[in-house]
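The block underneath contains the structure these notes are about, expressed in structure tokens.
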Amino acid sequence: MSFHSKISAQSLRLMRSLRNLRLGICVQARLFSRAAPLFRPPSSTVAGTIMKGLSIHKNEPDPVAKEDNEYPDWLWTLLDETKPVLEPTEIWKQPPSVHRRARKQSIRMENLRRKT
Amino acid sequence: MSSSGLKNALVKLVVPAGKATPTPPIGPALGARGVKSIDFCKEFNASTASFVPGVPIPCKITITPKRTFTFTIHPPPTSWLLLKLVGKDKGAHAPKNEIIGSISLKHVYEVANIKSKDPSLQGIPLQSICKSVIGSARSMGIKVTY
């Protein structure tokens, strides 16, 4: 870092907090990949469960849950993580909106840490 | 508000099925535009006769400058359907921290089926409707699981 001697102390602090953020994201990325998103547990609603309260028409019974394979395949993908899990090096190549909130929070915590 | 305008007026109301009458919600909204609320109530109650009484039905009333009206009926609000499934009256105060109940994807599918009959959702794939149901559930503090 010797050739960055013209960077102000504030920028150095920012870079340090960003580095901590990146490490944090690195840990998260590892956790996500361990969660194995391709595994889908069987539905908690067993086939034959009556969905009480969903009949809005008279003389129509409440809908009954069907077998898991009778539902369309895309239904089971709806709870997958929509945002791709990014490698730490890739995150800083994304537009700032991707990591904006996390970065702001990290800066705030860093500022708080420096105050106390 | 001139009643001899050239544009149709659009009034959106949520009315309990089969129970359209009272002055507070419907009377002033329609009366101010020159429509007799009794006429609307009769027609509305007739067309919602097949619904369980009391189910909230959003309807859009188009009022022409000649003071005639037509209306379309939509499925009940998603939040109401979800609350009914979970058995609660109100959603969570702090949705991400508080969970008032949980729902499975199969429930989401059935709710989306009901919503898909909405005339303004024509042509939207059921998958997209499911996604918005999940979004509504999350904003109310209802957990969606498999």
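Naming works like this for the structure tokens: A, B, ... for the chains as they're shown, residue 1 at the start of each chain, ligands 1 onward in shown order.
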What are the closest atom pairs, with distances in Å to one decimal, for each residue of chain B lying within 10 Å of chain A, using only C-alpha atoms, rows by chain and rising residue number, as a Markdown table?
```
| residue | atom | partner | partner_atom | distance |
| --- | --- | --- | --- | --- |
| B:Ala17 | CA | A:Ile56 | CA | 9.7 |
| B:Thr48 | CA | A:His57 | CA | 9.1 |
| B:Ala49 | CA | A:Lys58 | CA | 8.4 |
| B:Ser50 | CA | A:Lys58 | CA | 5.6 |
| B:Phe51 | CA | A:His57 | CA | 4.1 |
| B:Val52 | CA | A:Lys58 | CA | 4.9 |
| B:Pro53 | CA | A:Lys58 | CA | 8.2 |
| B:Gly54 | CA | A:Ile56 | CA | 9.6 |
| B:Val55 | CA | A:Ile56 | CA | 6.9 |
| B:Pro56 | CA | A:Ile56 | CA | 9.7 |
| B:Pro75 | CA | A:Ile56 | CA | 8.9 |
| B:Pro76 | CA | A:Ile56 | CA | 8.4 |
| B:Leu81 | CA | A:Leu54 | CA | 6.8 |
| B:Leu82 | CA | A:Leu54 | CA | 8.7 |
| B:Leu83 | CA | A:Gly53 | CA | 9.3 |
| B:Lys84 | CA | A:Gly53 | CA | 5.7 |
| B:Leu85 | CA | A:Gly53 | CA | 5.7 |
| B:Val86 | CA | A:Gly53 | CA | 8.8 |
| B:Gly87 | CA | A:Gly53 | CA | 8.3 |
| B:Ile103 | CA | A:Thr45 | CA | 8.7 |
| B:Ser104 | CA | A:Thr45 | CA | 6.4 |
| B:Leu105 | CA | A:Leu75 | CA | 7.0 |
| B:Lys106 | CA | A:Ala65 | CA | 6.7 |
| B:His107 | CA | A:Met51 | CA | 7.2 |
| B:Val108 | CA | A:Leu75 | CA | 9.0 |
| B:Tyr109 | CA | A:Leu75 | CA | 7.6 |
| B:Glu110 | CA | A:Pro63 | CA | 7.4 |
| B:Val111 | CA | A:Leu54 | CA | 7.6 |
| B:Ile114 | CA | A:Leu54 | CA | 8.7 |
| B:Leu126 | CA | A:Leu75 | CA | 9.5 |
| B:Gln127 | CA | A:Leu75 | CA | 7.2 |
| B:Ser128 | CA | A:Leu78 | CA | 9.6 |
| B:Cys130 | CA | A:Leu78 | CA | 8.1 |
| B:Lys131 | CA | A:Leu78 | CA | 6.9 |
| B:Ile134 | CA | A:Leu78 | CA | 8.5 |
| B:Val144 | CA | A:Leu79 | CA | 8.0 |
| B:Thr145 | CA | A:Ser44 | CA | 7.6 |
| B:Tyr146 | CA | A:Ser43 | CA | 4.7 |
```
Segment 12-15 of chain B environment, 6 Å, only C-alpha atoms, sequence neighbours closer than 2 positions dropped, as JSON, numbers by chain: {"B": [56, 57, 58, 59, 60]}
Restricting the output to N, CA, C and O atoms, write the selected residues as a tab-separated table (two decimals), in the first residue's frame.
```
chain	number	residue	atom	x	y	z
B	56	PRO	N	-65.08	-9.38	0.74
B	56	PRO	CA	-64.84	-8.07	0.13
B	56	PRO	C	-64.53	-8.19	-1.35
B	56	PRO	O	-63.64	-8.92	-1.74
B	57	ILE	N	-65.30	-7.48	-2.15
B	57	ILE	CA	-65.15	-7.55	-3.60
B	57	ILE	C	-64.76	-6.17	-4.12
B	57	ILE	O	-65.55	-5.23	-4.02
B	58	PRO	N	-63.55	-6.05	-4.64
B	58	PRO	CA	-63.22	-4.77	-5.26
B	58	PRO	C	-63.97	-4.63	-6.57
B	58	PRO	O	-64.07	-5.60	-7.33
B	59	CYS	N	-64.54	-3.46	-6.80
B	59	CYS	CA	-65.17	-3.27	-8.10
B	59	CYS	C	-64.87	-1.90	-8.66
B	59	CYS	O	-64.66	-0.94	-7.91
B	60	LYS	N	-64.78	-1.84	-9.95
B	60	LYS	CA	-64.49	-0.58	-10.63
B	60	LYS	C	-65.72	-0.18	-11.40
B	60	LYS	O	-66.19	-0.90	-12.28
```
To one decimal in Å, tell me the separation between atom CA of Gly34 of chain B and atom CA of Pro65 of chain B. 9.1 Å
